[in-house]
file entry_31.cif (mmCIF, C-alpha atoms and all ligand atoms)
data_input
loop_
_atom_site.group_PDB
_atom_site.id
_atom_site.type_symbol
_atom_site.label_atom_id
_atom_site.label_comp_id
_atom_site.auth_asym_id
_atom_site.auth_seq_id
_atom_site.Cartn_x
_atom_site.Cartn_y
_atom_site.Cartn_z
ATOM 1 C CA MET A 1007 84.038 133.769 124.362
ATOM 2 C CA THR A 1008 82.767 135.877 121.441
ATOM 3 C CA THR A 1009 84.090 136.039 117.926
ATOM 4 C CA THR A 1010 84.203 139.460 116.374
ATOM 5 C CA ILE A 1011 86.730 138.928 113.575
ATOM 6 C CA SER A 1012 85.719 136.947 110.519
ATOM 7 C CA TYR A 1013 87.824 134.082 109.201
ATOM 8 C CA LEU A 1014 89.117 136.093 106.263
ATOM 9 C CA ASP A 1015 90.059 139.069 108.420
ATOM 10 C CA ALA A 1016 91.882 137.017 111.015
ATOM 11 C CA PRO A 1017 95.601 137.740 110.661
ATOM 12 C CA ALA A 1018 96.564 134.204 111.645
ATOM 13 C CA THR A 1019 94.681 132.552 108.792
ATOM 14 C CA ALA A 1020 96.377 134.661 106.190
ATOM 15 C CA LEU A 1021 99.859 133.865 107.405
ATOM 16 C CA LEU A 1022 99.813 130.313 108.667
ATOM 17 C CA ASP A 1023 98.696 126.951 107.488
ATOM 18 C CA VAL A 1024 96.697 125.867 110.518
ATOM 19 C CA ARG A 1025 94.526 122.761 110.620
ATOM 20 C CA CYS A 1026 92.633 121.295 113.532
ATOM 21 C CA ALA A 1027 95.289 119.606 115.681
ATOM 22 C CA CYS A 1028 92.836 116.804 116.425
ATOM 23 C CA CYS A 1029 91.257 115.949 113.075
ATOM 24 C CA GLY A 1030 93.093 117.941 110.407
ATOM 25 C CA LYS A 1031 90.050 119.825 109.095
ATOM 26 C CA ALA A 1032 90.503 123.401 107.883
ATOM 27 C CA LEU A 1033 89.719 125.907 110.617
ATOM 28 C CA LEU A 1034 87.131 128.496 109.707
ATOM 29 C CA ASP A 1035 86.911 130.994 112.545
ATOM 30 C CA ALA A 1036 89.415 133.136 114.390
ATOM 31 C CA VAL A 1037 88.962 131.417 117.752
ATOM 32 C CA SER A 1038 89.573 127.996 116.229
ATOM 33 C CA VAL A 1039 92.651 129.248 114.414
ATOM 34 C CA GLU A 1040 93.962 130.846 117.579
ATOM 35 C CA VAL A 1041 93.541 127.670 119.606
ATOM 36 C CA GLY A 1042 94.418 125.357 116.722
ATOM 37 C CA ILE A 1043 91.339 123.186 117.126
ATOM 38 C CA GLY A 1044 87.851 123.234 115.591
ATOM 39 C CA PRO A 1045 84.586 123.693 117.520
ATOM 40 C CA ILE A 1046 83.544 120.019 117.542
ATOM 41 C CA CYS A 1047 86.935 118.722 118.629
ATOM 42 C CA ARG A 1048 87.097 121.505 121.213
ATOM 43 C CA LEU A 1049 83.870 120.164 122.675
ATOM 44 C CA ASN A 1050 85.073 116.537 122.538
ATOM 45 C CA TYR A 1051 88.631 116.858 123.749
ATOM 46 C CA LEU A 1052 89.137 120.191 125.479
ATOM 47 C CA ASP A 1053 86.158 121.834 127.135
ATOM 48 C CA ASP A 1054 85.585 119.340 129.948
ATOM 49 C CA VAL A 1055 89.168 119.588 131.247
ATOM 50 C CA ASP A 1056 89.299 120.994 134.752
ATOM 51 C CA ALA A 1057 92.102 123.531 134.467
ATOM 52 C CA SER A 1058 92.902 127.048 135.607
ATOM 53 C CA ASP A 1059 92.618 129.929 133.131
ATOM 54 C CA VAL A 1060 96.395 130.250 133.094
ATOM 55 C CA ASP A 1061 96.937 126.561 132.310
ATOM 56 C CA ARG A 1062 94.234 126.715 129.672
ATOM 57 C CA LYS A 1063 95.979 129.637 128.002
ATOM 58 C CA VAL A 1064 99.279 127.755 127.983
ATOM 59 C CA ALA A 1065 97.524 124.679 126.567
ATOM 60 C CA ASN A 1066 95.908 126.788 123.836
ATOM 61 C CA VAL A 1067 99.279 128.130 122.737
ATOM 62 C CA LEU A 1068 100.665 124.574 122.642
ATOM 63 C CA ILE A 1069 97.705 123.230 120.685
ATOM 64 C CA HIS A 1070 97.981 126.091 118.215
ATOM 65 C CA GLU A 1071 101.623 125.179 117.632
ATOM 66 C CA ALA A 1072 100.682 121.515 117.224
ATOM 67 C CA ALA A 1073 98.153 122.538 114.574
ATOM 68 C CA LEU A 1074 100.740 124.271 112.409
ATOM 69 C CA VAL A 1075 101.568 122.161 109.397
ATOM 70 C CA ALA A 1076 105.227 123.178 109.701
ATOM 71 C CA THR A 1077 105.673 121.865 113.262
ATOM 72 C CA THR A 1078 108.167 119.005 113.304
ATOM 73 C CA ALA A 1079 107.450 115.525 114.636
ATOM 74 C CA SER A 1080 109.954 115.825 117.499
ATOM 75 C CA ARG A 1081 108.373 119.105 118.627
ATOM 76 C CA GLN A 1082 104.971 117.394 118.504
ATOM 77 C CA VAL A 1083 106.200 114.857 121.032
ATOM 78 C CA GLU A 1084 107.310 117.664 123.385
ATOM 79 C CA ILE A 1085 103.956 119.412 122.956
ATOM 80 C CA GLY A 1086 102.121 116.187 123.768
ATOM 81 C CA ALA A 1087 104.125 115.718 126.973
ATOM 82 C CA ALA A 1088 103.538 119.329 128.028
ATOM 83 C CA LEU A 1089 99.776 118.983 127.460
ATOM 84 C CA VAL A 1090 99.653 115.810 129.539
ATOM 85 C CA ALA A 1091 101.557 117.583 132.349
ATOM 86 C CA LEU A 1092 98.916 120.335 132.311
ATOM 87 C CA GLY A 1093 96.142 117.743 132.565
ATOM 88 C CA PHE A 1094 95.011 117.914 128.924
ATOM 89 C CA VAL A 1095 95.305 114.175 128.439
ATOM 90 C CA LYS A 1096 92.479 113.558 125.959
ATOM 91 C CA VAL A 1097 93.549 116.236 123.506
ATOM 92 C CA ALA A 1098 97.196 115.116 123.760
ATOM 93 C CA ALA A 1099 96.224 111.532 122.916
ATOM 94 C CA ARG A 1100 94.087 112.666 119.978
ATOM 95 C CA ILE A 1101 96.879 114.879 118.595
ATOM 96 C CA GLU A 1102 99.282 111.967 118.854
ATOM 97 C CA VAL A 1103 96.967 109.731 116.824
ATOM 98 C CA ARG A 1104 96.750 112.380 114.130
ATOM 99 C CA TRP A 1105 100.508 112.859 114.093
ATOM 100 C CA THR A 1106 101.277 109.182 113.888
ATOM 101 C CA LYS A 1107 98.938 108.919 110.894
ATOM 102 C CA ARG A 1108 100.545 111.925 109.243
ATOM 103 C CA ALA A 1109 104.047 110.544 109.793
ATOM 104 C CA GLU A 1110 102.994 107.197 108.274
ATOM 105 C CA LYS A 1111 101.538 108.965 105.251
ATOM 106 C CA GLU A 1112 104.691 111.023 104.747
ATOM 107 C CA LEU A 1113 106.817 107.900 105.020
ATOM 108 C CA ALA A 1114 104.699 106.091 102.424
ATOM 109 C CA ALA A 1115 104.901 109.100 100.084
ATOM 110 C CA ALA A 1116 108.688 109.311 100.465
ATOM 111 C CA GLN A 1117 108.953 105.600 99.756
ATOM 112 C CA LYS A 1118 106.795 105.937 96.663
ATOM 113 C CA SER A 1119 108.643 108.923 95.208
ATOM 114 C CA ALA A 1120 112.120 107.423 95.709
ATOM 115 C CA THR A 1121 114.055 106.403 92.595
ATOM 116 C CA ILE A 1122 116.757 104.627 94.603
ATOM 117 C CA ARG A 1123 115.623 101.985 97.064
ATOM 118 C CA ILE A 1124 117.884 100.295 99.555
ATOM 119 C CA GLU A 1125 116.647 97.492 101.735
ATOM 120 C CA ALA A 1126 118.334 95.475 104.477
ATOM 121 C CA LEU A 1127 118.010 91.779 103.686
ATOM 122 C CA GLU A 1128 117.828 89.007 106.267
ATOM 123 C CA ASP A 1129 121.234 87.561 105.391
ATOM 124 C CA GLY A 1130 122.948 90.907 106.065
ATOM 125 C CA PHE A 1131 123.151 92.031 102.446
ATOM 126 C CA LEU A 1132 121.680 95.321 101.245
ATOM 127 C CA SER A 1133 119.514 95.277 98.154
ATOM 128 C CA VAL A 1134 119.812 98.233 95.801
ATOM 129 C CA GLU A 1135 117.245 99.195 93.204
ATOM 130 C CA THR A 1136 118.018 101.990 90.753
ATOM 131 C CA PRO A 1137 116.822 102.976 87.301
ATOM 132 C CA TYR A 1138 118.857 101.109 84.672
ATOM 133 C CA VAL A 1139 121.999 103.044 83.707
ATOM 134 C CA PRO A 1140 124.695 100.909 81.990
ATOM 135 C CA GLU A 1141 127.565 103.127 83.224
ATOM 136 C CA PHE A 1142 126.321 102.769 86.785
ATOM 137 C CA VAL A 1143 126.498 98.988 86.465
ATOM 138 C CA ASN A 1144 130.034 99.176 85.038
ATOM 139 C CA ASP A 1145 131.192 101.479 87.828
ATOM 140 C CA LEU A 1146 129.507 99.371 90.491
ATOM 141 C CA LYS A 1147 131.356 96.283 89.232
ATOM 142 C CA ALA A 1148 134.624 98.209 89.210
ATOM 143 C CA GLU A 1149 134.108 99.699 92.687
ATOM 144 C CA ILE A 1150 132.814 96.658 94.551
ATOM 145 C CA ASN A 1151 134.644 93.305 94.723
ATOM 146 C CA SER A 1152 132.746 90.430 93.160
ATOM 147 C CA ALA A 1153 132.710 88.713 96.572
ATOM 148 C CA ASP A 1154 130.786 91.673 97.984
ATOM 149 C CA ARG A 1155 128.046 91.828 95.342
ATOM 150 C CA ARG A 1156 125.542 89.579 93.622
ATOM 151 C CA TRP A 1157 122.913 90.189 90.982
ATOM 152 C CA ASN A 1158 119.409 89.108 91.957
ATOM 153 C CA LYS A 1159 117.989 88.053 88.626
ATOM 154 C CA ALA A 1160 114.438 87.431 89.813
ATOM 155 C CA ASP A 1161 114.041 90.863 91.443
ATOM 156 C CA LYS A 1162 116.376 92.628 88.991
ATOM 157 C CA ARG A 1163 118.494 94.291 91.622
ATOM 158 C CA TRP A 1164 121.992 94.339 93.018
ATOM 159 C CA GLU A 1165 122.663 92.980 96.468
ATOM 160 C CA ILE A 1166 125.832 93.979 98.279
ATOM 161 C CA THR A 1167 127.485 93.355 101.629
ATOM 162 C CA ARG A 1168 127.532 96.052 104.276
ATOM 163 C CA ASP A 1169 131.309 96.304 103.821
ATOM 164 C CA ALA A 1170 130.629 97.543 100.305
ATOM 165 C CA ALA A 1171 128.158 100.244 101.388
ATOM 166 C CA ARG A 1172 130.752 103.010 101.138
ATOM 167 C CA GLY A 1173 131.669 101.944 97.596
ATOM 168 C CA LEU A 1174 128.008 101.822 96.658
ATOM 169 C CA TRP A 1175 127.500 105.375 97.933
ATOM 170 C CA THR A 1176 130.432 106.581 95.793
ATOM 171 C CA VAL A 1177 128.895 105.063 92.660
ATOM 172 C CA LEU A 1178 125.402 106.324 93.487
ATOM 173 C CA ARG A 1179 126.752 109.861 93.909
ATOM 174 C CA ALA A 1180 128.509 109.665 90.557
ATOM 175 C CA HIS A 1181 125.363 108.658 88.672
ATOM 176 C CA PHE A 1182 122.317 109.678 90.665
ATOM 177 C CA ALA A 1183 123.206 112.953 92.406
ATOM 178 C CA GLY A 1184 120.043 114.837 93.339
ATOM 179 C CA SER A 1185 117.861 111.706 93.241
ATOM 180 C CA LYS A 1186 115.599 110.809 96.104
ATOM 181 C CA GLY A 1187 116.223 107.563 97.884
ATOM 182 C CA PHE A 1188 114.586 105.458 100.538
ATOM 183 C CA GLY A 1189 116.460 103.088 102.815
ATOM 184 C CA PRO A 1190 116.349 101.313 106.188
ATOM 185 C CA LYS A 1191 116.677 104.665 107.984
ATOM 186 C CA GLY A 1192 114.017 106.432 105.907
ATOM 187 C CA ALA A 1193 114.158 109.000 103.133
ATOM 188 C CA PHE A 1194 117.436 110.455 101.893
ATOM 189 C CA GLU A 1195 118.830 112.363 98.951
ATOM 190 C CA ILE A 1196 121.892 111.426 96.936
ATOM 191 C CA THR A 1197 124.288 114.339 97.344
ATOM 192 C CA ALA A 1198 126.758 115.347 94.631
ATOM 193 C CA ALA A 1199 130.296 114.011 95.066
HETATM 194 ZN ZN ZN A 1201 88.910 118.814 114.644
#

call {"tool": "encode", "arguments": {"input": "entry_31.cif", "output": "structure tokens", "more": "lines below"}}
Ligand SMILES: [Zn+2]
result
Amino acid sequence: MTTTISYLDAPATALLDVRCACCGKALLDAVSVEVGIGPICRLNYLDDVDASDVDRKVANVLIHEAALVATTASRQVEIGAALVALGFVKVAARIEVRWTKRAEKELAAAQKSATIRIEALEDGFLSVETPYVPEFVNDLKAEINSADRRWNKADKRWEITRDAARGLWTVLRAHFAGSKGFGPKGAFEITAA
């Protein structure tokens, strides 16, 4: 394979954010961008696979897609399975490692940037941390029965029963619309009522 187009001239580099599907490094030549994998990782994970030219072409297209920053996590799983089916086991495993790491990082970032945090406690209650807004506290007390809420003084947060979750959501929407939250099911945004 010969490279005749330079990195800057390659149409793909100008349009897409492509990083090595295996290690995440920026790709610097047209062939790497096209395949979605850098020269060293190509050597380590791809070149020794015994595959037909047709299968290799299909694998290259899949790896390129995996290398796109915009590719979703669920699509990554499909790509991994397709690569394994074609016999590209090593590269599929390496891509999965990279994706798991990326997903963990994104989760940690979402958790960090959240202003509303909801956590499931062991006794079935949900803990709720928000910035301090007196009106929110008043509305929360009005919306949720005293039997369904308790103030955790030590951790400075409200704790409510699951039955009161709907009421909590109503009050959060009234006071924190547009805020980012993080809960047991991951990141969310408080939508306007
Ligand atoms: Zn790489």

call {"tool": "closest_residue", "arguments": {"input": "entry_31.cif", "among": "A:Val1039, A:Arg1108, A:Asp1054, A:Ile1046", "to": "ligand ZN 1201 (chain A)", "atoms": "only C-alpha atoms and all ligand atoms"}}
result
A:Ile1046

call {"tool": "residues_near_ligand", "arguments": {"input": "entry_31.cif", "ligand": "ligand ZN 1201 (chain A)", "cutoff": "8 Å", "atoms": "all atoms listed in the file", "output": "list in words"}}
result
Arg1025, Cys1026, Ala1027, Cys1028, Cys1029, Gly1030, Lys1031, Ile1043, Gly1044, Pro1045, Ile1046, Cys1047 and Arg1048 of chain A

call {"tool": "atom_distance", "arguments": {"input": "entry_31.cif", "atom1": "CA of Thr1136 in chain A", "atom2": "CA of Ala1170 in chain A"}}
result
16.4 Å

call {"tool": "resolve_selection", "arguments": {"input": "entry_31.cif", "expression": "the PyMOL selection byres (((chain A and resi 1071) around 9) and not hetatm)", "output": "count of residues only"}}
result
17

call {"tool": "resolve_selection", "arguments": {"input": "entry_31.cif", "expression": "the PyMOL selection byres (((chain A and resi 1142-1158) around 12) and not hetatm)", "output": "PyMOL selection string"}}
result
chain A and resi 1130-1141+1159-1182

call {"tool": "atom_distance", "arguments": {"input": "entry_31.cif", "atom1": "CA of Lys1191 in chain A", "atom2": "CA of Ser1080 in chain A"}}
result
16.1 Å

call {"tool": "resolve_selection", "arguments": {"input": "entry_31.cif", "expression": "the PyMOL selection byres (((chain A and resi 1183) around 6) and not hetatm)", "output": "list in words"}}
result
Arg1179, Phe1182, Gly1184, Ser1185, Ile1196, Thr1197 and Ala1198 of chain A

call {"tool": "closest_residue", "arguments": {"input": "entry_31.cif", "among": "A:Leu1049, A:Gly1189, A:Thr1078, A:Leu1092", "to": "Lys1063 in chain A", "atoms": "all atoms listed in the file"}}
result
A:Leu1092

call {"tool": "residues_around", "arguments": {"input": "entry_31.cif", "residues": "Ser1119 in chain A", "least_positions_apart": "2", "cutoff": "9 Å", "atoms": "only C-alpha atoms", "output": "JSON, numbers by chain"}}
result
{"A": [1114, 1115, 1116, 1117, 1121, 1186, 1187, 1188]}

call {"tool": "atom_distance", "arguments": {"input": "entry_31.cif", "atom1": "CA of Ala1079 in chain A", "atom2": "CA of Ala1109 in chain A"}}
result
7.7 Å

call {"tool": "closest_residue", "arguments": {"input": "entry_31.cif", "among": "A:Ile1122, A:Ala1099, A:Val1060, A:Leu1127", "to": "Ala1193 in chain A", "atoms": "all atoms listed in the file"}}
result
A:Ile1122

call {"tool": "decode", "arguments": {"input": "entry_31.cif", "residues": "range 1091-1140 of chain A", "atoms": "N, CA and C atoms", "output": "short mmCIF file (atom, residue, chain, number, x, y, z; two decimals), in the first residue's frame"}}
result
data_model
loop_
_atom_site.label_atom_id
_atom_site.label_comp_id
_atom_site.auth_asym_id
_atom_site.auth_seq_id
_atom_site.Cartn_x
_atom_site.Cartn_y
_atom_site.Cartn_z
N ALA A 1091 -16.66 -11.68 14.27
CA ALA A 1091 -17.23 -12.62 13.29
C ALA A 1091 -16.34 -12.73 12.05
N LEU A 1092 -15.65 -11.65 11.71
CA LEU A 1092 -14.76 -11.66 10.55
C LEU A 1092 -13.38 -12.25 10.88
N GLY A 1093 -13.16 -12.52 12.17
CA GLY A 1093 -11.88 -13.08 12.59
C GLY A 1093 -10.90 -12.06 13.13
N PHE A 1094 -11.33 -10.80 13.23
CA PHE A 1094 -10.43 -9.75 13.74
C PHE A 1094 -10.61 -9.61 15.25
N VAL A 1095 -10.19 -10.64 15.96
CA VAL A 1095 -10.47 -10.75 17.39
C VAL A 1095 -9.61 -9.79 18.21
N LYS A 1096 -8.32 -9.72 17.87
CA LYS A 1096 -7.40 -8.89 18.67
C LYS A 1096 -7.79 -7.42 18.61
N VAL A 1097 -8.06 -6.94 17.40
CA VAL A 1097 -8.39 -5.53 17.25
C VAL A 1097 -9.73 -5.22 17.93
N ALA A 1098 -10.67 -6.18 17.85
CA ALA A 1098 -11.98 -5.97 18.50
C ALA A 1098 -11.81 -5.84 20.01
N ALA A 1099 -10.96 -6.70 20.58
CA ALA A 1099 -10.73 -6.67 22.03
C ALA A 1099 -10.07 -5.35 22.44
N ARG A 1100 -9.12 -4.90 21.63
CA ARG A 1100 -8.41 -3.66 21.94
C ARG A 1100 -9.35 -2.46 21.87
N ILE A 1101 -10.21 -2.45 20.85
CA ILE A 1101 -11.18 -1.35 20.69
C ILE A 1101 -12.13 -1.33 21.89
N GLU A 1102 -12.51 -2.52 22.34
CA GLU A 1102 -13.43 -2.58 23.47
C GLU A 1102 -12.80 -1.99 24.72
N VAL A 1103 -11.53 -2.29 24.95
CA VAL A 1103 -10.82 -1.74 26.11
C VAL A 1103 -10.85 -0.22 26.05
N ARG A 1104 -10.54 0.30 24.86
CA ARG A 1104 -10.51 1.76 24.70
C ARG A 1104 -11.89 2.37 24.94
N TRP A 1105 -12.93 1.67 24.45
CA TRP A 1105 -14.27 2.21 24.61
C TRP A 1105 -14.77 2.15 26.03
N THR A 1106 -14.41 1.10 26.72
CA THR A 1106 -14.81 1.00 28.13
C THR A 1106 -14.17 2.14 28.91
N LYS A 1107 -12.90 2.41 28.64
CA LYS A 1107 -12.20 3.50 29.32
C LYS A 1107 -12.86 4.83 29.02
N ARG A 1108 -13.20 5.02 27.74
CA ARG A 1108 -13.81 6.29 27.35
C ARG A 1108 -15.18 6.48 28.02
N ALA A 1109 -15.95 5.39 28.07
CA ALA A 1109 -17.27 5.46 28.71
C ALA A 1109 -17.13 5.79 30.19
N GLU A 1110 -16.12 5.20 30.85
CA GLU A 1110 -15.90 5.47 32.27
C GLU A 1110 -15.53 6.94 32.49
N LYS A 1111 -14.69 7.45 31.61
CA LYS A 1111 -14.27 8.85 31.70
C LYS A 1111 -15.47 9.79 31.53
N GLU A 1112 -16.31 9.48 30.54
CA GLU A 1112 -17.48 10.32 30.28
C GLU A 1112 -18.44 10.30 31.46
N LEU A 1113 -18.57 9.12 32.06
CA LEU A 1113 -19.44 8.97 33.22
C LEU A 1113 -18.91 9.83 34.38
N ALA A 1114 -17.61 9.74 34.62
CA ALA A 1114 -17.00 10.51 35.70
C ALA A 1114 -17.16 12.01 35.46
N ALA A 1115 -17.02 12.44 34.19
CA ALA A 1115 -17.16 13.85 33.87
C ALA A 1115 -18.59 14.32 34.08
N ALA A 1116 -19.56 13.47 33.68
CA ALA A 1116 -20.97 13.82 33.86
C ALA A 1116 -21.30 13.93 35.34
N GLN A 1117 -20.73 13.04 36.12
CA GLN A 1117 -20.96 13.03 37.56
C GLN A 1117 -20.41 14.30 38.18
N LYS A 1118 -19.23 14.70 37.71
CA LYS A 1118 -18.55 15.86 38.26
C LYS A 1118 -19.29 17.16 37.91
N SER A 1119 -19.82 17.23 36.70
CA SER A 1119 -20.43 18.49 36.24
C SER A 1119 -21.88 18.64 36.70
N ALA A 1120 -22.44 17.59 37.32
CA ALA A 1120 -23.84 17.65 37.73
C ALA A 1120 -24.04 18.59 38.91
N THR A 1121 -25.11 19.38 38.88
CA THR A 1121 -25.43 20.22 40.04
C THR A 1121 -26.46 19.56 40.94
N ILE A 1122 -27.21 18.61 40.36
CA ILE A 1122 -28.20 17.85 41.13
C ILE A 1122 -27.71 16.40 41.19
N ARG A 1123 -27.58 15.89 42.38
CA ARG A 1123 -27.14 14.48 42.50
C ARG A 1123 -28.18 13.67 43.25
N ILE A 1124 -28.56 12.57 42.65
CA ILE A 1124 -29.52 11.67 43.29
C ILE A 1124 -28.86 10.31 43.43
N GLU A 1125 -29.01 9.76 44.63
CA GLU A 1125 -28.33 8.49 44.91
C GLU A 1125 -29.32 7.54 45.57
N ALA A 1126 -29.28 6.28 45.19
CA ALA A 1126 -30.14 5.29 45.84
C ALA A 1126 -29.46 4.80 47.11
N LEU A 1127 -30.12 4.97 48.24
CA LEU A 1127 -29.54 4.54 49.51
C LEU A 1127 -29.95 3.10 49.83
N GLU A 1128 -29.21 2.49 50.74
CA GLU A 1128 -29.44 1.07 51.04
C GLU A 1128 -30.81 0.79 51.64
N ASP A 1129 -31.36 1.77 52.38
CA ASP A 1129 -32.66 1.52 53.00
C ASP A 1129 -33.83 1.86 52.07
N GLY A 1130 -33.54 2.08 50.78
CA GLY A 1130 -34.62 2.32 49.82
C GLY A 1130 -34.91 3.79 49.57
N PHE A 1131 -34.37 4.67 50.42
CA PHE A 1131 -34.56 6.09 50.21
C PHE A 1131 -33.66 6.58 49.06
N LEU A 1132 -34.03 7.74 48.52
CA LEU A 1132 -33.17 8.40 47.53
C LEU A 1132 -32.60 9.64 48.17
N SER A 1133 -31.30 9.84 48.06
CA SER A 1133 -30.73 11.09 48.58
C SER A 1133 -30.69 12.10 47.44
N VAL A 1134 -30.90 13.35 47.80
CA VAL A 1134 -30.98 14.42 46.80
C VAL A 1134 -30.08 15.57 47.22
N GLU A 1135 -29.10 15.87 46.41
CA GLU A 1135 -28.25 17.03 46.70
C GLU A 1135 -28.48 18.08 45.64
N THR A 1136 -28.76 19.29 46.07
CA THR A 1136 -28.95 20.42 45.15
C THR A 1136 -28.23 21.64 45.72
N PRO A 1137 -27.98 22.64 44.90
CA PRO A 1137 -27.51 23.90 45.48
C PRO A 1137 -28.59 24.43 46.43
N TYR A 1138 -28.21 25.23 47.42
CA TYR A 1138 -29.19 25.71 48.39
C TYR A 1138 -30.06 26.83 47.81
N VAL A 1139 -31.36 26.55 47.71
CA VAL A 1139 -32.33 27.55 47.26
C VAL A 1139 -33.50 27.47 48.24
N PRO A 1140 -33.71 28.51 49.08
CA PRO A 1140 -34.74 28.45 50.12
C PRO A 1140 -36.12 28.08 49.57
#
